[in-house]
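See below for coords_19.pdb, which holds PDB, C-alpha atoms, pLDDT in the B column.
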```pdb
ATOM      1  CA  MET L   7      -1.065 -12.997 -17.655  1.00 56.00           C
ATOM      2  CA  LYS L   8      -3.031 -14.486 -20.526  1.00 56.00           C
ATOM      3  CA  ALA L   9      -5.411 -12.229 -22.415  1.00 58.00           C
ATOM      4  CA  GLY L  10      -8.970 -12.518 -21.210  1.00 57.00           C
ATOM      5  CA  VAL L  11      -7.972 -13.787 -17.776  1.00 58.00           C
ATOM      6  CA  VAL L  12      -9.021 -11.459 -14.971  1.00 63.00           C
ATOM      7  CA  ALA L  13      -6.691 -11.295 -11.990  1.00 67.00           C
ATOM      8  CA  MET L  14      -8.484 -11.551  -8.666  1.00 86.00           C
ATOM      9  CA  PHE L  15      -6.776 -10.554  -5.462  1.00 91.00           C
ATOM     10  CA  LYS L  16      -7.950 -12.341  -2.345  1.00 93.00           C
ATOM     11  CA  PRO L  17      -7.107 -11.500   1.264  1.00 93.00           C
ATOM     12  CA  LEU L  18      -4.193 -13.234   2.957  1.00 93.00           C
ATOM     13  CA  ILE L  19      -4.988 -11.941   6.431  1.00 92.00           C
ATOM     14  CA  ASP L  20      -8.185 -10.945   8.207  1.00 90.00           C
ATOM     15  CA  SER L  21      -6.620  -8.954  11.030  1.00 90.00           C
ATOM     16  CA  CYS L  22      -3.607  -6.751  11.584  1.00 92.00           C
ATOM     17  CA  PRO L  23      -0.537  -8.677  12.815  1.00 91.00           C
ATOM     18  CA  SER L  24       0.121  -7.962  16.501  1.00 91.00           C
ATOM     19  CA  VAL L  25       3.863  -7.729  15.870  1.00 92.00           C
ATOM     20  CA  ILE L  26       5.327  -6.179  12.743  1.00 94.00           C
ATOM     21  CA  PRO L  27       9.065  -6.780  12.271  1.00 93.00           C
ATOM     22  CA  VAL L  28      11.256  -3.839  11.308  1.00 94.00           C
ATOM     23  CA  ASP L  29      14.050  -4.395   8.798  1.00 93.00           C
ATOM     24  CA  TYR L  30      17.087  -2.141   8.432  1.00 91.00           C
ATOM     25  CA  ASP L  31      18.856  -1.782   5.107  1.00 86.00           C
ATOM     26  CA  GLU L  32      22.461  -0.730   5.556  1.00 83.00           C
ATOM     27  CA  GLY L  33      22.827   0.230   1.908  1.00 78.00           C
ATOM     28  CA  SER L  34      20.117   2.874   1.864  1.00 78.00           C
ATOM     29  CA  GLY L  35      19.916   3.520   5.587  1.00 82.00           C
ATOM     30  CA  ALA L  36      16.175   2.904   5.461  1.00 88.00           C
ATOM     31  CA  TYR L  37      14.003   1.063   7.944  1.00 92.00           C
ATOM     32  CA  GLN L  38      11.074  -0.827   6.502  1.00 93.00           C
ATOM     33  CA  THR L  39       8.094  -2.948   7.416  1.00 95.00           C
ATOM     34  CA  LEU L  40       6.249  -5.233   5.032  1.00 95.00           C
ATOM     35  CA  VAL L  41       2.931  -6.923   5.684  1.00 95.00           C
ATOM     36  CA  ALA L  42       1.486  -9.360   3.163  1.00 95.00           C
ATOM     37  CA  VAL L  43      -2.112  -8.353   2.553  1.00 95.00           C
ATOM     38  CA  ALA L  44      -3.432 -10.190  -0.493  1.00 95.00           C
ATOM     39  CA  GLU L  45      -2.502 -12.555  -3.276  1.00 93.00           C
ATOM     40  CA  CYS L  46      -3.660 -13.051  -6.815  1.00 91.00           C
ATOM     41  CA  ASP L  47      -5.408 -16.315  -7.545  1.00 85.00           C
ATOM     42  CA  VAL L  48      -4.480 -16.206 -11.221  1.00 86.00           C
ATOM     43  CA  THR L  49      -0.931 -14.868 -11.275  1.00 87.00           C
ATOM     44  CA  GLN L  50       1.839 -15.373  -8.748  1.00 87.00           C
ATOM     45  CA  ARG L  51       1.490 -11.887  -7.314  1.00 92.00           C
ATOM     46  CA  VAL L  52       1.429 -10.878  -3.673  1.00 94.00           C
ATOM     47  CA  VAL L  53       0.352  -7.482  -2.380  1.00 95.00           C
ATOM     48  CA  TYR L  54       2.124  -5.886   0.571  1.00 95.00           C
ATOM     49  CA  ALA L  55       1.633  -2.794   2.695  1.00 95.00           C
ATOM     50  CA  VAL L  56       5.079  -1.224   3.036  1.00 93.00           C
ATOM     51  CA  CYS L  57       6.087   1.505   5.470  1.00 94.00           C
ATOM     52  CA  GLN L  58       9.481   3.149   5.427  1.00 92.00           C
ATOM     53  CA  LEU L  59      11.588   5.548   7.432  1.00 92.00           C
ATOM     54  CA  ALA L  60      14.472   6.891   5.380  1.00 88.00           C
ATOM     55  CA  TYR L  61      16.991   9.583   6.202  1.00 85.00           C
ATOM     56  CA  THR L  62      17.037  12.413   3.730  1.00 81.00           C
ATOM     57  CA  THR L  63      18.432  15.878   3.189  1.00 80.00           C
ATOM     58  CA  ASN L  64      16.083  18.621   2.082  1.00 82.00           C
ATOM     59  CA  TYR L  65      17.197  21.225  -0.452  1.00 79.00           C
ATOM     60  CA  GLN L  66      13.703  22.604  -1.043  1.00 81.00           C
ATOM     61  CA  PRO L  67      12.592  25.854   0.616  1.00 82.00           C
ATOM     62  CA  ILE L  68       9.545  24.134   2.072  1.00 84.00           C
ATOM     63  CA  PRO L  69       9.635  22.498   4.571  1.00 85.00           C
ATOM     64  CA  ALA L  70      12.154  24.674   6.367  1.00 84.00           C
ATOM     65  CA  SER L  71      13.724  21.720   8.172  1.00 82.00           C
ATOM     66  CA  LEU L  72      16.874  20.502   6.433  1.00 81.00           C
ATOM     67  CA  TRP L  73      17.488  17.049   7.821  1.00 83.00           C
ATOM     68  CA  PHE L  74      14.949  14.475   8.795  1.00 87.00           C
ATOM     69  CA  HIS L  75      13.723  10.946   8.325  1.00 89.00           C
ATOM     70  CA  GLU L  76      10.786  10.651   6.005  1.00 91.00           C
ATOM     71  CA  PHE L  77       7.958   8.317   6.872  1.00 93.00           C
ATOM     72  CA  SER L  78       6.263   6.994   3.762  1.00 91.00           C
ATOM     73  CA  PHE L  79       3.969   4.159   2.816  1.00 91.00           C
ATOM     74  CA  TYR L  80       3.407   2.218  -0.358  1.00 90.00           C
ATOM     75  CA  ILE L  81       1.555  -0.695  -1.777  1.00 92.00           C
ATOM     76  CA  TYR L  82       4.034  -3.165  -3.242  1.00 93.00           C
ATOM     77  CA  VAL L  83       2.879  -5.780  -5.729  1.00 92.00           C
ATOM     78  CA  ASN L  84       5.494  -8.466  -6.150  1.00 92.00           C
ATOM     79  CA  SER L  85       5.388 -10.915  -8.999  1.00 89.00           C
ATOM     80  CA  ILE L  86       6.943 -13.988  -7.422  1.00 88.00           C
ATOM     81  CA  ASP L  87       7.601 -15.834 -10.657  1.00 86.00           C
ATOM     82  CA  GLY L  88       8.579 -12.679 -12.559  1.00 83.00           C
ATOM     83  CA  SER L  89       5.809 -13.119 -15.107  1.00 84.00           C
ATOM     84  CA  GLU L  90       4.420  -9.660 -14.277  1.00 84.00           C
ATOM     85  CA  LEU L  91       6.075  -6.375 -13.352  1.00 84.00           C
ATOM     86  CA  SER L  92       6.696  -5.845  -9.660  1.00 87.00           C
ATOM     87  CA  ILE L  93       5.515  -2.371  -8.732  1.00 87.00           C
ATOM     88  CA  LEU L  94       5.414   0.149  -5.919  1.00 87.00           C
ATOM     89  CA  THR L  95       2.661   2.732  -5.753  1.00 88.00           C
ATOM     90  CA  GLN L  96       1.504   5.477  -3.443  1.00 86.00           C
ATOM     91  CA  ASP L  97      -1.490   6.256  -5.603  1.00 84.00           C
ATOM     92  CA  ARG L  98      -4.689   5.159  -3.903  1.00 84.00           C
ATOM     93  CA  ASN L  99      -6.511   4.784  -7.226  1.00 83.00           C
ATOM     94  CA  ILE L 100      -3.850   2.397  -8.505  1.00 86.00           C
ATOM     95  CA  ALA L 101      -3.518   0.587  -5.182  1.00 89.00           C
ATOM     96  CA  ARG L 102      -7.259  -0.018  -5.140  1.00 89.00           C
ATOM     97  CA  ASN L 103      -6.866  -2.420  -8.072  1.00 89.00           C
ATOM     98  CA  TYR L 104      -4.774  -4.774  -5.951  1.00 92.00           C
ATOM     99  CA  ILE L 105      -6.491  -4.630  -2.576  1.00 93.00           C
ATOM    100  CA  PRO L 106      -9.622  -6.698  -1.933  1.00 93.00           C
ATOM    101  CA  LYS L 107     -12.470  -4.537  -0.595  1.00 92.00           C
ATOM    102  CA  THR L 108     -12.558  -6.476   2.651  1.00 91.00           C
ATOM    103  CA  SER L 109      -8.860  -5.743   3.222  1.00 92.00           C
ATOM    104  CA  VAL L 110      -9.124  -1.969   2.784  1.00 91.00           C
ATOM    105  CA  PRO L 111      -9.924  -1.229   6.471  1.00 91.00           C
ATOM    106  CA  LEU L 112      -6.953  -3.401   7.455  1.00 93.00           C
ATOM    107  CA  ILE L 113      -4.528  -1.207   5.549  1.00 93.00           C
ATOM    108  CA  MET L 114      -5.143   1.708   7.931  1.00 92.00           C
ATOM    109  CA  LYS L 115      -4.541  -0.515  10.957  1.00 94.00           C
ATOM    110  CA  ILE L 116      -1.364  -1.932   9.431  1.00 95.00           C
ATOM    111  CA  LEU L 117      -0.194   1.571   8.661  1.00 94.00           C
ATOM    112  CA  VAL L 118      -0.662   2.769  12.232  1.00 95.00           C
ATOM    113  CA  ARG L 119       0.953  -0.329  13.749  1.00 96.00           C
ATOM    114  CA  SER L 120       3.862  -0.142  11.319  1.00 96.00           C
ATOM    115  CA  CYS L 121       4.405   3.522  12.136  1.00 95.00           C
ATOM    116  CA  ASP L 122       4.370   2.675  15.828  1.00 95.00           C
ATOM    117  CA  ALA L 123       6.875  -0.177  15.323  1.00 95.00           C
ATOM    118  CA  LEU L 124       9.207   1.953  13.191  1.00 95.00           C
ATOM    119  CA  ILE L 125       9.193   4.965  15.511  1.00 94.00           C
ATOM    120  CA  ARG L 126       9.715   2.858  18.642  1.00 93.00           C
ATOM    121  CA  ARG L 127      12.601   1.023  16.990  1.00 92.00           C
ATOM    122  CA  VAL L 128      14.404   3.975  15.414  1.00 89.00           C
ATOM    123  CA  LYS L 129      13.678   6.695  18.027  1.00 85.00           C
ATOM    124  CA  LEU L 130      14.128   9.680  15.752  1.00 86.00           C
ATOM    125  CA  ASN L 131      14.264  13.361  16.542  1.00 89.00           C
ATOM    126  CA  VAL L 132      12.587  14.660  13.407  1.00 92.00           C
ATOM    127  CA  VAL L 133      10.099  12.868  11.145  1.00 93.00           C
ATOM    128  CA  TYR L 134       8.712  14.296   7.912  1.00 93.00           C
ATOM    129  CA  ARG L 135       5.680  13.103   6.007  1.00 92.00           C
ATOM    130  CA  VAL L 136       4.011  14.355   2.837  1.00 90.00           C
ATOM    131  CA  THR L 137       0.862  13.513   0.908  1.00 88.00           C
ATOM    132  CA  LYS L 138       1.044  11.848  -2.467  1.00 82.00           C
ATOM    133  CA  VAL L 139      -1.837  13.864  -3.874  1.00 81.00           C
ATOM    134  CA  LEU L 140      -1.844  17.585  -4.496  1.00 83.00           C
ATOM    135  CA  PHE L 141      -4.269  19.700  -2.492  1.00 85.00           C
ATOM    136  CA  PRO L 142      -5.764  16.643  -0.769  1.00 85.00           C
ATOM    137  CA  ILE L 143      -9.387  16.624   0.288  1.00 85.00           C
ATOM    138  CA  GLN L 144     -10.231  15.776   3.895  1.00 84.00           C
ATOM    139  CA  LYS L 145     -11.006  12.134   3.044  1.00 80.00           C
ATOM    140  CA  ALA L 146      -7.541  11.691   1.570  1.00 79.00           C
ATOM    141  CA  LEU L 147      -6.031  12.989   4.802  1.00 88.00           C
ATOM    142  CA  ALA L 148      -7.658  10.328   6.991  1.00 87.00           C
ATOM    143  CA  LYS L 149      -4.605   8.076   7.057  1.00 86.00           C
ATOM    144  CA  HIS L 150      -2.340  11.029   7.712  1.00 91.00           C
ATOM    145  CA  ASP L 151      -4.521  12.098  10.642  1.00 92.00           C
ATOM    146  CA  LEU L 152      -4.145   8.583  12.042  1.00 92.00           C
ATOM    147  CA  ILE L 153      -0.373   8.733  11.688  1.00 93.00           C
ATOM    148  CA  THR L 154      -0.230  12.199  13.245  1.00 95.00           C
ATOM    149  CA  ASN L 155      -2.254  10.952  16.221  1.00 95.00           C
ATOM    150  CA  THR L 156      -0.037   7.883  16.567  1.00 94.00           C
ATOM    151  CA  MET L 157       3.004  10.109  16.694  1.00 95.00           C
ATOM    152  CA  TYR L 158       1.397  12.402  19.258  1.00 96.00           C
ATOM    153  CA  GLN L 159       0.844   9.311  21.402  1.00 95.00           C
ATOM    154  CA  LEU L 160       4.511   8.431  21.010  1.00 94.00           C
ATOM    155  CA  GLY L 161       5.495  11.824  22.411  1.00 95.00           C
ATOM    156  CA  TYR L 162       6.028  13.810  19.226  1.00 95.00           C
ATOM    157  CA  VAL L 163       4.839  17.369  18.659  1.00 96.00           C
ATOM    158  CA  LEU L 164       4.182  19.200  15.428  1.00 95.00           C
ATOM    159  CA  LEU L 165       7.179  21.292  14.448  1.00 93.00           C
ATOM    160  CA  GLU L 166       6.028  22.390  11.027  1.00 93.00           C
ATOM    161  CA  SER L 167       3.121  21.695   8.677  1.00 94.00           C
ATOM    162  CA  GLY L 168       1.489  23.257   5.655  1.00 93.00           C
ATOM    163  CA  THR L 169       1.479  22.994   1.881  1.00 92.00           C
ATOM    164  CA  ASP L 170       4.701  22.773  -0.091  1.00 88.00           C
ATOM    165  CA  GLN L 171       5.445  24.411  -3.437  1.00 85.00           C
ATOM    166  CA  PHE L 172       3.907  21.449  -5.275  1.00 83.00           C
ATOM    167  CA  GLY L 173       0.613  21.668  -3.401  1.00 87.00           C
ATOM    168  CA  ARG L 174       1.233  18.688  -1.156  1.00 87.00           C
ATOM    169  CA  SER L 175       0.356  18.741   2.532  1.00 91.00           C
ATOM    170  CA  TYR L 176       3.285  17.945   4.791  1.00 92.00           C
ATOM    171  CA  TRP L 177       4.079  17.524   8.457  1.00 94.00           C
ATOM    172  CA  VAL L 178       7.350  17.695  10.347  1.00 94.00           C
ATOM    173  CA  MET L 179       7.135  16.251  13.846  1.00 94.00           C
ATOM    174  CA  THR L 180       9.751  16.192  16.551  1.00 94.00           C
ATOM    175  CA  THR L 181      10.276  14.787  20.025  1.00 90.00           C
TER     176      THR L 181
ATOM    177  CA  MET P   9      15.552  16.902 -16.298  1.00 46.00           C
ATOM    178  CA  GLY P  10      13.172  19.696 -15.430  1.00 48.00           C
ATOM    179  CA  VAL P  11       9.672  19.223 -14.113  1.00 46.00           C
ATOM    180  CA  ILE P  12       8.030  20.159 -17.418  1.00 45.00           C
ATOM    181  CA  GLU P  13      10.133  17.687 -19.392  1.00 45.00           C
ATOM    182  CA  TYR P  14       9.437  15.090 -16.760  1.00 43.00           C
ATOM    183  CA  CYS P  15       5.681  15.677 -17.047  1.00 42.00           C
ATOM    184  CA  MET P  16       5.865  15.378 -20.815  1.00 43.00           C
ATOM    185  CA  GLU P  17       7.809  12.183 -20.565  1.00 43.00           C
ATOM    186  CA  VAL P  18       5.369  10.688 -18.089  1.00 42.00           C
ATOM    187  CA  SER P  19       2.322  11.754 -20.059  1.00 40.00           C
ATOM    188  CA  MET P  20       3.757  10.266 -23.242  1.00 40.00           C
ATOM    189  CA  SER P  21       4.888   7.027 -21.651  1.00 38.00           C
ATOM    190  CA  VAL P  22       2.955   3.987 -20.616  1.00 36.00           C
ATOM    191  CA  PRO P  23       1.401   4.235 -17.130  1.00 37.00           C
ATOM    192  CA  ALA P  24       4.194   2.288 -15.499  1.00 36.00           C
ATOM    193  CA  LYS P  25       7.352   4.373 -15.495  1.00 36.00           C
ATOM    194  CA  HIS P  26      10.661   2.620 -15.086  1.00 38.00           C
ATOM    195  CA  ILE P  27      12.877   4.299 -12.553  1.00 39.00           C
ATOM    196  CA  ASP P  28      16.362   2.991 -12.038  1.00 41.00           C
ATOM    197  CA  ALA P  29      18.098   2.550  -8.761  1.00 41.00           C
ATOM    198  CA  PRO P  30      18.742   5.728  -6.850  1.00 41.00           C
ATOM    199  CA  GLU P  31      22.256   6.519  -5.720  1.00 41.00           C
ATOM    200  CA  LYS P  32      22.431   6.050  -2.016  1.00 42.00           C
ATOM    201  CA  PRO P  33      21.239   7.941  -0.160  1.00 45.00           C
ATOM    202  CA  LYS P  34      18.864   9.584  -2.574  1.00 47.00           C
ATOM    203  CA  LEU P  35      18.430  13.249  -1.801  1.00 47.00           C
ATOM    204  CA  PHE P  36      15.065  14.725  -1.064  1.00 51.00           C
ATOM    205  CA  ALA P  37      15.203  17.143  -3.972  1.00 47.00           C
ATOM    206  CA  ASP P  38      16.019  14.358  -6.419  1.00 48.00           C
ATOM    207  CA  TYR P  39      12.810  12.518  -6.021  1.00 51.00           C
ATOM    208  CA  VAL P  40      10.292  15.219  -5.218  1.00 52.00           C
ATOM    209  CA  SER P  41       9.238  15.449  -8.860  1.00 48.00           C
ATOM    210  CA  ASP P  42       9.001  11.659  -9.152  1.00 51.00           C
ATOM    211  CA  ARG P  43       6.709  11.540  -6.190  1.00 53.00           C
ATOM    212  CA  VAL P  44       4.482  14.308  -7.445  1.00 51.00           C
ATOM    213  CA  PHE P  45       3.916  13.048 -10.936  1.00 52.00           C
ATOM    214  CA  ASP P  46       4.311   9.322 -11.239  1.00 61.00           C
ATOM    215  CA  GLY P  47       1.724   6.819 -10.126  1.00 73.00           C
ATOM    216  CA  VAL P  48       3.623   3.563 -10.372  1.00 79.00           C
ATOM    217  CA  ARG P  49       7.265   2.672 -10.015  1.00 80.00           C
ATOM    218  CA  VAL P  50       8.381  -0.542 -11.556  1.00 81.00           C
ATOM    219  CA  VAL P  51      10.985  -2.185  -9.374  1.00 82.00           C
ATOM    220  CA  THR P  52      13.962  -2.425 -11.701  1.00 78.00           C
ATOM    221  CA  ASP P  53      16.868  -1.995  -9.320  1.00 79.00           C
ATOM    222  CA  PRO P  54      18.193  -5.515  -8.636  1.00 82.00           C
ATOM    223  CA  GLN P  55      19.252  -4.678  -5.076  1.00 82.00           C
ATOM    224  CA  LEU P  56      15.893  -3.182  -4.213  1.00 82.00           C
ATOM    225  CA  ALA P  57      14.091  -6.049  -5.929  1.00 85.00           C
ATOM    226  CA  ALA P  58      16.130  -8.636  -4.019  1.00 87.00           C
ATOM    227  CA  ARG P  59      15.577  -6.892  -0.722  1.00 87.00           C
ATOM    228  CA  LEU P  60      11.844  -6.487  -1.252  1.00 88.00           C
ATOM    229  CA  ALA P  61      11.593 -10.087  -2.406  1.00 88.00           C
ATOM    230  CA  ARG P  62      13.354 -11.319   0.743  1.00 90.00           C
ATOM    231  CA  LEU P  63      11.194  -9.206   3.038  1.00 90.00           C
ATOM    232  CA  GLY P  64       8.170 -10.205   1.012  1.00 91.00           C
ATOM    233  CA  ARG P  65       8.881 -13.915   1.455  1.00 91.00           C
ATOM    234  CA  GLU P  66       9.179 -13.455   5.211  1.00 91.00           C
ATOM    235  CA  ALA P  67       5.963 -11.440   5.375  1.00 92.00           C
ATOM    236  CA  LEU P  68       4.143 -13.953   3.210  1.00 91.00           C
ATOM    237  CA  THR P  69       5.285 -16.840   5.400  1.00 92.00           C
ATOM    238  CA  ALA P  70       4.137 -14.939   8.499  1.00 90.00           C
ATOM    239  CA  ALA P  71       0.730 -14.271   6.948  1.00 89.00           C
ATOM    240  CA  ARG P  72       0.274 -17.897   5.882  1.00 89.00           C
ATOM    241  CA  ASN P  73       1.376 -19.215   9.268  1.00 88.00           C
ATOM    242  CA  SER P  74      -1.046 -16.885  11.005  1.00 85.00           C
ATOM    243  CA  ALA P  75      -3.906 -18.008   8.752  1.00 83.00           C
ATOM    244  CA  LYS P  76      -2.992 -21.665   9.339  1.00 84.00           C
ATOM    245  CA  GLN P  77      -2.943 -21.210  13.110  1.00 84.00           C
ATOM    246  CA  LYS P  78      -6.323 -19.511  13.041  1.00 81.00           C
ATOM    247  CA  SER P  79      -7.750 -22.251  10.878  1.00 80.00           C
ATOM    248  CA  GLU P  80      -6.395 -24.981  13.193  1.00 83.00           C
ATOM    249  CA  ALA P  81      -7.743 -23.180  16.245  1.00 80.00           C
ATOM    250  CA  LYS P  82     -11.291 -23.216  14.818  1.00 73.00           C
TER     251      LYS P  82
END
```
Can you present the structure in this file as structure tokens?
Amino acid sequence: MKAGVVAMFKPLIDSCPSVIPVDYDEGSGAYQTLVAVAECDVTQRVVYAVCQLAYTTNYQPIPASLWFHEFSFYIYVNSIDGSELSILTQDRNIARNYIPKTSVPLIMKILVRSCDALIRRVKLNVVYRVTKVLFPIQKALAKHDLITNTMYQLGYVLLESGTDQFGRSYWVMTT
Amino acid sequence: MGVIEYCMEVSMSVPAKHIDAPEKPKLFADYVSDRVFDGVRVVTDPQLAARLARLGREALTAARNSAKQKSEAK
């Protein structure tokens, strides 16, 4: 981007898609959803809300569960023409730079619908989730509360939750 | 690399930290420290970049089609 030019991200959608396709990657064994949220009107960059379910093995003492799929979400900024770096972030303060204010409430809805689509498609026994931030305040847990409620509605119960050795809140839910 | 060295490296580097492709499947313990300390991951792995780009194109097309349909319906 040229010096002095300010990138402006404008919304691509004004409502959450009713159907969110789930993609499976054989290489990593991960299931993902991507929803295009915004685009830059100066650079060729598009902003996506990405949700992922990936199988993992836990060698940490906390959580106690050893095997599970982890549900995680990111903001992905893709530079279509390669003139900028394409990035993934879970940091809300960084993500805020790429999401138009009017699109912020949509992110929560996309997150919940993506979680629903992923869980219905993959039908897992154990799902783990962890906060990005350490010792999160209640406001930072809002999206996690939404996800927890979505999973309750899908028939999951809380198997384990708490704070791990890094200070992150986590949840392990099972059917 | 230990957590302390990792922190030092991150604090001394530019905000965007380049992380290469994980071996598949990446183990939980391998990326716990990444997740705790880094804010941005630059997509450098060609396979990941290609996959995200493909999914991104599909999602972008879906978003544009949806916007077009809404605009035509008005």
Item checked: Residues near Val136 in chain L, cut-off 12 Å, only C-alpha atoms, skip fewer than 5 positions along chain, as a PyMOL selection string -> (chain L and resi 68-69+75-79+96+141-142+146-147+149-151+153-154+166-179) or (chain P and resi 36+40+43-44)
Margin query: Taking (8.8, -11.5, 4.1) in the coordinates of the supplied file, I want to know which residues reach to within 12 Å of it, counting all atoms listed in the file; could you give the answer as an MDAnalysis selection string?
Written below: (chainID L and resid 26:29 38:43 52:56 84 86) or (chainID P and resid 58:73)
Pull C-alpha atoms from the residues just selected and write them as a PDB file, keeping the file's coordinate frame.
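New file selection-v7.pdb:
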```pdb
ATOM      1  CA  ILE L  26       5.327  -6.179  12.743  1.00 94.00           C
ATOM      2  CA  PRO L  27       9.065  -6.780  12.271  1.00 93.00           C
ATOM      3  CA  VAL L  28      11.256  -3.839  11.308  1.00 94.00           C
ATOM      4  CA  ASP L  29      14.050  -4.395   8.798  1.00 93.00           C
ATOM      5  CA  GLN L  38      11.074  -0.827   6.502  1.00 93.00           C
ATOM      6  CA  THR L  39       8.094  -2.948   7.416  1.00 95.00           C
ATOM      7  CA  LEU L  40       6.249  -5.233   5.032  1.00 95.00           C
ATOM      8  CA  VAL L  41       2.931  -6.923   5.684  1.00 95.00           C
ATOM      9  CA  ALA L  42       1.486  -9.360   3.163  1.00 95.00           C
ATOM     10  CA  VAL L  43      -2.112  -8.353   2.553  1.00 95.00           C
ATOM     11  CA  VAL L  52       1.429 -10.878  -3.673  1.00 94.00           C
ATOM     12  CA  VAL L  53       0.352  -7.482  -2.380  1.00 95.00           C
ATOM     13  CA  TYR L  54       2.124  -5.886   0.571  1.00 95.00           C
ATOM     14  CA  ALA L  55       1.633  -2.794   2.695  1.00 95.00           C
ATOM     15  CA  VAL L  56       5.079  -1.224   3.036  1.00 93.00           C
ATOM     16  CA  ASN L  84       5.494  -8.466  -6.150  1.00 92.00           C
ATOM     17  CA  ILE L  86       6.943 -13.988  -7.422  1.00 88.00           C
TER      18      ILE L  86
ATOM     19  CA  ALA P  58      16.130  -8.636  -4.019  1.00 87.00           C
ATOM     20  CA  ARG P  59      15.577  -6.892  -0.722  1.00 87.00           C
ATOM     21  CA  LEU P  60      11.844  -6.487  -1.252  1.00 88.00           C
ATOM     22  CA  ALA P  61      11.593 -10.087  -2.406  1.00 88.00           C
ATOM     23  CA  ARG P  62      13.354 -11.319   0.743  1.00 90.00           C
ATOM     24  CA  LEU P  63      11.194  -9.206   3.038  1.00 90.00           C
ATOM     25  CA  GLY P  64       8.170 -10.205   1.012  1.00 91.00           C
ATOM     26  CA  ARG P  65       8.881 -13.915   1.455  1.00 91.00           C
ATOM     27  CA  GLU P  66       9.179 -13.455   5.211  1.00 91.00           C
ATOM     28  CA  ALA P  67       5.963 -11.440   5.375  1.00 92.00           C
ATOM     29  CA  LEU P  68       4.143 -13.953   3.210  1.00 91.00           C
ATOM     30  CA  THR P  69       5.285 -16.840   5.400  1.00 92.00           C
ATOM     31  CA  ALA P  70       4.137 -14.939   8.499  1.00 90.00           C
ATOM     32  CA  ALA P  71       0.730 -14.271   6.948  1.00 89.00           C
ATOM     33  CA  ARG P  72       0.274 -17.897   5.882  1.00 89.00           C
ATOM     34  CA  ASN P  73       1.376 -19.215   9.268  1.00 88.00           C
TER      35      ASN P  73
END
```
Notebook entry, point to check: So which residues get picked by the PyMOL selection byres ((chain L) within 7 of (chain P)) here, written as a PyMOL selection string?
Noted result: chain L and resi 18-19+34+40-42+62-66+91-97+138
Next item on the list: Enter the distance from CA of Pro23 in chain L to CA of Ala60 in chain L, in Å, rounded to one decimal.
Entry: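 One can read the CA of Pro23 in chain L to CA of Ala60 in chain L distance as 22.9 Å.
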Margin query: Just to confirm, what's the straight-line distance from CA of Gln50 in chain L to CA of Ser85 in chain L in Å (one decimal)?
Written below: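 Spanning CA of Gln50 in chain L to CA of Ser85 in chain L is a straight-line distance of 5.7 Å.
Computed from the coordinates, the CA of Glu90 in chain L to CA of Lys76 in chain P distance equals 27.5 Å.
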